[in-house]
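**Student:** Dropping a structure here in structure tokens format, bear with me for questions.
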Amino acid sequence: MKRGNLLWEGVAVLALAIPMSIQAQTTPAGENAQAAADENDPMVIIVTATQRASPLSSVPVAVSAVSAASLQNSGANDIRQLNQLAPSLLVSSSGSEANGAARIRGVGTVGDNPGLESSVAVFIDGVYRSRTGAGLTDLGEIERVEVLRGPQGTLFGRNASAGLINIVTQSPEFTFGAKGEVTYGNYDFWRLSGSVTGPLSETVALRLDGVWSQRDGFMKLVDRTGAKVGETNDRDRWFLRGQALLEPNDSLSIRLIGDYTRRDESCCGAVYISTREVVDPTPGVPGDYAENGTSRIATILGTISGQPITVDPYSRRTSITPGRDYVSKLRDWGVSGQIEYDFGGAKLTSITAYRDYKSRDYGDYDYNAADILYRDPNTYRQFKTFTQELRLQGAAFDDRLDWLVGGYYSNEKLTLVDNIRFGNDYGLFAACRILATSPQVAAALPCNNRAAMSAFVIDPQVTNPILNSAMKTLLNIGANGTTAGDQDARYRQKSESFAAFTHNIVHITDKLDLTLGLRYTHEKKSLRASFVNDNAACAALQARNPGAVDDLVDLALGSFGTGTALAQGILSLGCLGNSSTGLNALQLSDSFSDDELSGTAVLSYKPTPETLVYASYSRGYKAGGYNLDRFELGNTGLSALTSSPATYFFPRSAADAPSLRFAAEKVDAFEIGLKYATRRFSANIAAFRQEFSDFQLNTFNGTSFVVQNINGCDEALTAGRTCDDVTAGLISQGIEVELSASPISYVRVGAGMTYARAKFRSRLVGSGDGNTPLDTALFLLPGSINSNAPEYVATVSFAWTPPLGSSGLSGLVYFDGRMTGDYNTGSDLFPEKIQDGYSIWNARVGVRGPDERWAVEFWGQNVFNTKYTQVAFNTPLQGAGSVAQVQAIGAPSFAAGTQLFSAYLAEPRTYGITLRGKF
């Protein structure tokens with residue numbers, strides 16, 4: 001592990017460089033204030049985190065502000081690259097570039113499950129983007145970005161439990177201007193961007209921004225012989241945004257925005273990272289760790305595909321089933337109108353928006369040359385979202401009170417078509433998986449030949465006629481090149497939200513302020529789902545006995561002694577994930593509503609003009625919803641593969657729809673802070689504690705997405721692991737430091753450090769009433785640090801822009817770095833998913849013309865080619881459980897310690913040249 005070295009490295013950098021992690025932001029209301037501040041004091045940063053243009057050092061909120069110049073120098077084109085500049089933030093993507101997850105202070109919503117909204121909300125030009133992935137795209141010309149830490153809800157339209165990313169793009173100007181840039185880099189990377197703005201009349205200004213980028217994939221696709229057959233993880237996208245700014249008089253301002261994004265990419269390939277456990281299956285007994293159930297699955301897959309399963313992730317080669325691909329297509333467009341009217345004593349702001357987001361992500365999801373599992377091209381997700389926000393703010397009592405009241409409405413219609421199908425090798429794989437008891441047996445089985453499996457293995461080994469027939473039914477899934485599974489698994493979720501909020505600053509004295517905010521939220525969600533499935537194997541297995549009770553279920557329950565494990569294995573793999581023609585008559589329908597009060601209270605004091613101290617309490621809220629994964633239909637608290645077959649593998653009914661619900665996430669947050677700013681130096685320090693109840697955890701267990709609320713228990717758990725004294729389940733606490741300095745002309749340095757310990761309680765339950773036990777897939781959570789939550793993160797940046805002679809030329813020398821401690825990238829915290837600490841460094845050098853009218857810059861990102869994982873996961877269908885799980889709680893013999901693990905890798909080193917010009 002590298003935690004100690006990274007920490008000392010971070011301390012050394014902080015000591016030598018003087019930390020910095022400022023950067024500027026503003027909104028239309030704050031532009032003039034920022035310009036004036038730049039003229040008088042370049043260290044003053046104007047932010048609008050409280051919907052009022054104020055210097056960063058005077059805002060009693062933990063906020064990182066990132067300027068357009070800092071984003072440009074770091075090479076940031078989407079919010080994922082904010083990681084380099086905001087130490088409390090971690091943004092990553094997994095199975096699709098159209099999806100992403102953001103975490104602040106070690107807390108966020110993980111995984112590719114569209115039913116969950118993010119704990120970290122994203123706003124672009126005041127418009128809420130319902131999923132974090134909307135920011136994982138080129139954003140055009142950016143004016144500033146603000147990263148607000150902690151619960152939000154009394155200032156922005158949509159509430160968020162962990163934090164908020166506020167992105168403000170460049171608005172139209174009444175002075176004509178145009179700029180453009182051309183970038184070329186390795187992997188044949190091209191990026192063209194441009195913008196033009198200017199007046200249409202004395203009262204109307206327009207702006208047009210456009211971006212096009214294309215890059216080869218950094219992951220090679222190889223066939224069963226190891227020959228390269230293609231690439232994945234490439235880039236092919238374009239973006240347009242048009243704006244109009246109308247200012248007919250001094251009191252009225254109208255900003256209209258329309259944007260369109262298009263992608264057509266190959267994404268995303270994954271690689272194997274472990275084919276053996278990291279926990280010794282027989283402690284104290286010398287032996288080869290590879291000789292366990294995990295390598296048994298690897299052996300079977302290697303036999304079927306004709307290609308051994310190897311672990312060499314950073315060769316960046318991954319196998320793919322012939323005829324399959326990785327496809328990621330996205331279309332995202334929207335329009336918005338922001339109207340501001342100044343009545344004199346009060347100002348009204350209205351933001352109206354409509355967005356239509358549709359992505360199609362499909363391909364080979366077994367990440368192997370064998371044809372086990374894939375998503376059908378008839379798969380997509382679409383969000384149609386209408387939002388309306390109104391705010392009225394002003395001052396009263398001789399400016400002793402700055403008041404704000406507002407209302408918010410949103411209506412979102414989500415359609416998900418998610419068609420998961422078994423490939424034509426699935427039956428062979430499933431049969432071999434059940435019959436193989438060790439790697440040696442697996443190697444001897446004819447897993448690449450159905451006839452041989454039937455005649456020379458199943459017939460002599462499975463003598464019970466019911467089991468024999470069932471094994472052959474399972475074996476024939478995918479026979480004759482056919483596939484089976486979903487043809488039209490369709491979910492329709494409607495969400496409607498109403499909210500009223502207020503945020504008021506009482507100036508008790510010239511130095512002492514009290515801020516009070518309150519929000520009432522009403523949420524209503526409904527779900528409808530229907531299925532078309534052609535997997536007849538499950539129905540055939542369930543119909544072996546015309547009697548009332550299936551003999552296979554009897555066997556699984558132990559009625560036939562030694563047949564138990566075999567029968568349970570047949571049932572689990574034949575009816576995997578409720579995949580059956582029995583779904584076709586099922587129409588799911590369910591709804592629920594929720595009402596919640598949240599708010600904030602802040603006491604702040606300015607003993608000197610340069611210093612601010614504050615203490616705050618906030619109550620945060622994030623709506624509940626539905627787990628849009630029919631694999632978990634009917635799971636009432638236990639992982640599907642450990643539930644009784646009598647309750648799990650029988651056909652589902654409409655009464656099971658509520659089992660897909662999860663409750664709202666809530667947080668109580670406490671914070672104290674200190675801010676200090678002078679002309680040459682600034683420091684922001686915050687200490688925090690956040691207590692999350694009903695924390696929404698999303699886990700992929702290799703078969704399905706398990707979504708469960710996580711709570712703690714302040715007493716010993718009773719039999720069945722229920723609790724009478726439920727409390728917060730996840731506690732995030734720590735300290736943040738952000739520093740910046742301009743010690744000499746043309747130099748800015750800065751750094752930040754975050755220590756955040758996001759830790760689960762030592763006793764956990766899965767619901768707020770204490771009656772649902774923790775899902776067995778999550779057995780490692782109690783007392784552990786949350787996933788994707790490094791305890792230590794340090795950032796540093798340095799910018800030097802000296803004049804070159806007297807002709808107006810200037811130079812640029814820039815670098816930034818992020819040093820991260822160890823963390824686990826899997827939400828189930830399996831030890832195979834641990835990522836050791838690492839450092840990422842970006843650099844840029846260049847020459848700029850007079851008034852920066854042109855520039856030539858050479859750049860590199862991840863310049864030391866650091867190799868690290870974004871997300872590790874249980875490879876789909878390829879095993880179940882782990883030795884760590886078996887040792888801790890036991891597991892069914894057919895599922896014990898066989899899981900393979902894969903990962904989505906972060907990008908390698910990239911470098912290139914950028915030519916920039918403006919007039």
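Chains: A, B, ... in order of the structure tokens. Residues: from 1 per chain. Ligands: from 1, in order shown.
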Identify, on the basis of only C-alpha atoms, every residue whose closest approach to stretch 461-474 of chain A does not exceed 8 Å; exclude the query and any residue fewer than 5 positions from it along the same chain; express the result as an NGL selection string.
**Tutor:** :A and (427 or 430-431 or 454 or 537 or 540-541 or 544 or 551-552 or 566-567 or 570 or 573-574)
**Student:** Excluding same-chain residues fewer than 2 positions from A:Ala756, what lies within 6 Å of it counting only C-alpha atoms, as an mmCIF file with N, CA and C atoms, in the first residue's frame?
**Tutor:**
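Done, and the output landed in selection_34.cif:
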```
data_model
loop_
_atom_site.group_PDB
_atom_site.id
_atom_site.type_symbol
_atom_site.label_atom_id
_atom_site.label_comp_id
_atom_site.auth_asym_id
_atom_site.auth_seq_id
_atom_site.Cartn_x
_atom_site.Cartn_y
_atom_site.Cartn_z
ATOM 1 N N ARG A 105 -16.614 14.597 -0.339
ATOM 2 C CA ARG A 105 -16.304 14.164 1.023
ATOM 3 C C ARG A 105 -16.563 12.668 1.214
ATOM 4 N N GLN A 733 -16.682 12.490 8.154
ATOM 5 C CA GLN A 733 -16.149 13.594 8.952
ATOM 6 C C GLN A 733 -14.690 13.808 8.607
ATOM 7 N N GLY A 734 -14.237 15.053 8.785
ATOM 8 C CA GLY A 734 -12.859 15.343 8.449
ATOM 9 C C GLY A 734 -12.589 16.829 8.400
ATOM 10 N N GLU A 791 -9.288 8.461 2.138
ATOM 11 C CA GLU A 791 -9.252 9.295 3.340
ATOM 12 C C GLU A 791 -8.391 10.539 3.123
#
```
**Student:** From the list A:Asp668, A:Glu852, A:Glu181, A:Asp332, which residue is nearest A:Gly808 when using only C-alpha atoms?
**Tutor:**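 Checking each of A:Asp668, A:Glu852, A:Glu181, A:Asp332 against A:Gly808, counting only C-alpha atoms, the winner is A:Glu852.
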**Student:** Nearest to A:Phe383 among A:Ile351, A:Ala794, A:Leu330, A:Ile508, with distances taken over only C-alpha atoms: which residue is it?
**Tutor:** A:Leu330
**Student:** Please identify all polymer residues within 12 Å of A:Asn627, counting only C-alpha atoms, omitting same-chain residues fewer than 2 positions from it, and present them as a VMD selection string.
**Tutor:** chain A and resid 111 to 117 416 491 to 493 526 to 527 529 624 to 625 629 to 635 657 to 663 696 to 700 704 to 709
**Student:** Kindly export the residues of the current selection with N, CA and C atoms, as a compact mmCIF listing (two decimals), in the first residue's frame.
**Tutor:**
```txt
# COMPACT_ATOMS: atom_id res chain seq x y z
N GLY A 111 -22.55 3.63 -9.41
CA GLY A 111 -23.11 2.59 -10.27
C GLY A 111 -24.00 3.13 -11.38
N ASP A 112 -24.14 2.26 -12.38
CA ASP A 112 -24.91 2.58 -13.58
C ASP A 112 -26.33 2.07 -13.41
N ASN A 113 -27.13 2.80 -12.63
CA ASN A 113 -28.52 2.42 -12.38
C ASN A 113 -29.37 3.68 -12.49
N PRO A 114 -30.13 3.85 -13.59
CA PRO A 114 -30.80 5.13 -13.85
C PRO A 114 -31.90 5.46 -12.85
N GLY A 115 -32.32 4.51 -12.03
CA GLY A 115 -33.36 4.81 -11.06
C GLY A 115 -32.90 5.69 -9.93
N LEU A 116 -31.59 5.83 -9.76
CA LEU A 116 -31.05 6.64 -8.67
C LEU A 116 -30.60 8.00 -9.17
N GLU A 117 -31.05 9.04 -8.50
CA GLU A 117 -30.51 10.37 -8.73
C GLU A 117 -29.21 10.50 -7.95
N LEU A 416 -36.81 3.38 -19.68
CA LEU A 416 -35.64 2.51 -19.76
C LEU A 416 -36.03 1.22 -20.45
N TYR A 491 -39.25 -0.14 -18.62
CA TYR A 491 -39.62 0.53 -17.37
C TYR A 491 -39.98 1.98 -17.67
N ARG A 492 -41.05 2.44 -17.05
CA ARG A 492 -41.45 3.84 -17.19
C ARG A 492 -41.62 4.43 -15.79
N GLN A 493 -40.78 5.38 -15.48
CA GLN A 493 -40.85 6.02 -14.18
C GLN A 493 -41.18 7.50 -14.36
N SER A 526 -43.88 7.27 -9.65
CA SER A 526 -44.67 6.11 -10.04
C SER A 526 -43.86 5.27 -11.02
N LEU A 527 -44.14 3.98 -11.00
CA LEU A 527 -43.42 3.03 -11.85
C LEU A 527 -44.41 2.14 -12.58
N ALA A 529 -43.98 -1.16 -15.48
CA ALA A 529 -43.00 -1.99 -16.18
C ALA A 529 -43.69 -3.15 -16.86
N GLY A 624 -36.32 9.32 -2.69
CA GLY A 624 -36.26 7.88 -2.94
C GLY A 624 -36.66 7.57 -4.37
N GLY A 625 -36.82 6.30 -4.67
CA GLY A 625 -37.16 5.94 -6.04
C GLY A 625 -37.29 4.44 -6.21
N ASP A 629 -34.28 -2.63 -12.07
CA ASP A 629 -33.58 -3.86 -12.40
C ASP A 629 -34.48 -5.02 -12.00
N ARG A 630 -35.12 -5.65 -12.99
CA ARG A 630 -36.06 -6.73 -12.68
C ARG A 630 -35.35 -7.95 -12.10
N PHE A 631 -34.02 -8.00 -12.16
CA PHE A 631 -33.31 -9.09 -11.51
C PHE A 631 -33.60 -9.12 -10.01
N GLU A 632 -33.89 -7.94 -9.43
CA GLU A 632 -34.13 -7.85 -7.99
C GLU A 632 -35.62 -7.86 -7.66
N LEU A 633 -36.47 -8.10 -8.62
CA LEU A 633 -37.91 -8.13 -8.38
C LEU A 633 -38.24 -9.26 -7.42
N GLY A 634 -38.89 -8.92 -6.32
CA GLY A 634 -39.26 -9.91 -5.33
C GLY A 634 -38.23 -10.10 -4.24
N ASN A 635 -37.06 -9.45 -4.36
CA ASN A 635 -36.04 -9.52 -3.31
C ASN A 635 -36.45 -8.57 -2.19
N ALA A 657 -44.00 -5.52 -7.06
CA ALA A 657 -43.51 -4.22 -7.52
C ALA A 657 -42.94 -3.36 -6.38
N PRO A 658 -43.57 -3.29 -5.20
CA PRO A 658 -43.00 -2.45 -4.14
C PRO A 658 -41.62 -2.89 -3.68
N SER A 659 -41.21 -4.13 -3.99
CA SER A 659 -39.89 -4.59 -3.57
C SER A 659 -38.78 -3.83 -4.28
N LEU A 660 -39.10 -3.12 -5.36
CA LEU A 660 -38.10 -2.34 -6.08
C LEU A 660 -37.93 -0.93 -5.50
N ARG A 661 -38.73 -0.56 -4.53
CA ARG A 661 -38.61 0.78 -3.94
C ARG A 661 -37.36 0.90 -3.05
N PHE A 662 -36.86 2.12 -2.97
CA PHE A 662 -35.90 2.47 -1.91
C PHE A 662 -36.28 3.84 -1.37
N ALA A 663 -35.93 4.09 -0.11
CA ALA A 663 -36.40 5.28 0.60
C ALA A 663 -35.49 6.47 0.34
N GLN A 696 -28.46 5.62 0.27
CA GLN A 696 -28.83 4.81 -0.89
C GLN A 696 -27.57 4.18 -1.50
N LEU A 697 -27.42 2.88 -1.27
CA LEU A 697 -26.25 2.17 -1.77
C LEU A 697 -26.65 1.29 -2.93
N ASN A 698 -25.91 1.40 -4.02
CA ASN A 698 -26.16 0.63 -5.24
C ASN A 698 -24.98 -0.30 -5.46
N THR A 699 -25.24 -1.60 -5.52
CA THR A 699 -24.17 -2.58 -5.63
C THR A 699 -24.47 -3.55 -6.76
N PHE A 700 -23.47 -3.79 -7.62
CA PHE A 700 -23.62 -4.84 -8.63
C PHE A 700 -22.98 -6.11 -8.09
N SER A 704 -27.03 -8.73 -10.57
CA SER A 704 -28.03 -7.67 -10.56
C SER A 704 -27.52 -6.48 -9.77
N PHE A 705 -28.22 -5.36 -9.93
CA PHE A 705 -27.98 -4.19 -9.11
C PHE A 705 -28.84 -4.29 -7.84
N VAL A 706 -28.19 -4.38 -6.72
CA VAL A 706 -28.87 -4.41 -5.43
C VAL A 706 -28.88 -2.99 -4.88
N VAL A 707 -30.05 -2.40 -4.68
CA VAL A 707 -30.16 -1.07 -4.10
C VAL A 707 -30.77 -1.22 -2.72
N GLN A 708 -30.06 -0.74 -1.73
CA GLN A 708 -30.54 -0.87 -0.36
C GLN A 708 -30.22 0.39 0.43
N ASN A 709 -31.16 0.81 1.26
CA ASN A 709 -30.90 1.88 2.21
C ASN A 709 -30.07 1.34 3.36
```
**Student:** Quick one: residues within 6 Å of stretch 367-379 of chain A, only C-alpha atoms, excluding same-chain residues fewer than 5 positions away - as a list in words?
**Tutor:**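 Result of the neighbour search: Arg224, Ser305, Ser319, Ile320, Thr321, Arg360, Tyr362, Val417, Asp418, Asn419, Ile420, Arg421, Phe422, Gly423, Asn424, Asp425 and Tyr426 of chain A.
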**Student:** Take the residues from that selection and write them out as a PDB file, in the first residue's frame, keeping C-alpha atoms.
**Tutor:**
```pdb
ATOM      1  CA  ARG A 224     -10.009 -15.814 -29.657  1.00  0.00           C
ATOM      2  CA  SER A 305     -13.488 -19.451 -25.716  1.00  0.00           C
ATOM      3  CA  SER A 319     -11.360 -10.001 -25.486  1.00  0.00           C
ATOM      4  CA  ILE A 320     -14.703  -9.725 -27.209  1.00  0.00           C
ATOM      5  CA  THR A 321     -17.198 -12.216 -28.579  1.00  0.00           C
ATOM      6  CA  ARG A 360     -28.049   3.783 -26.086  1.00  0.00           C
ATOM      7  CA  TYR A 362     -25.069  -1.995 -25.521  1.00  0.00           C
ATOM      8  CA  VAL A 417     -35.490  -0.386 -22.202  1.00  0.00           C
ATOM      9  CA  ASP A 418     -32.858  -2.778 -20.895  1.00  0.00           C
ATOM     10  CA  ASN A 419     -32.643  -6.060 -22.785  1.00  0.00           C
ATOM     11  CA  ILE A 420     -30.158  -8.486 -21.254  1.00  0.00           C
ATOM     12  CA  ARG A 421     -29.684 -11.713 -23.181  1.00  0.00           C
ATOM     13  CA  PHE A 422     -27.836 -14.977 -22.643  1.00  0.00           C
ATOM     14  CA  GLY A 423     -25.388 -15.748 -25.461  1.00  0.00           C
ATOM     15  CA  ASN A 424     -25.107 -19.051 -27.293  1.00  0.00           C
ATOM     16  CA  ASP A 425     -22.324 -20.273 -24.974  1.00  0.00           C
ATOM     17  CA  TYR A 426     -24.331 -19.655 -21.818  1.00  0.00           C
TER      18      TYR A 426
END
```
**Student:** Within 6 Å of A:Thr825, counting only C-alpha atoms, which residues qualify if same-chain residues fewer than 5 places away don't, as a list in words?
**Tutor:**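 Here the qualifying residues turn out to be Ser787, Asn788, Lys833, Val871 and Ala872 of chain A.
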**Student:** Give me, as a PyMOL selection string, all polymer residues having an atom no more than 7 Å from A:Thr703, counting only C-alpha atoms and skipping those fewer than 6 positions away in the same chain.
**Tutor:** chain A and resi 577+876-877
**Student:** Counting only C-alpha atoms, figure out which residue out of A:Ala601, A:Ala539, A:Leu136, A:Leu628 gets nearest to A:Glu671.
**Tutor:**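 That would be A:Ala601, the residue with the smallest distance to A:Glu671.
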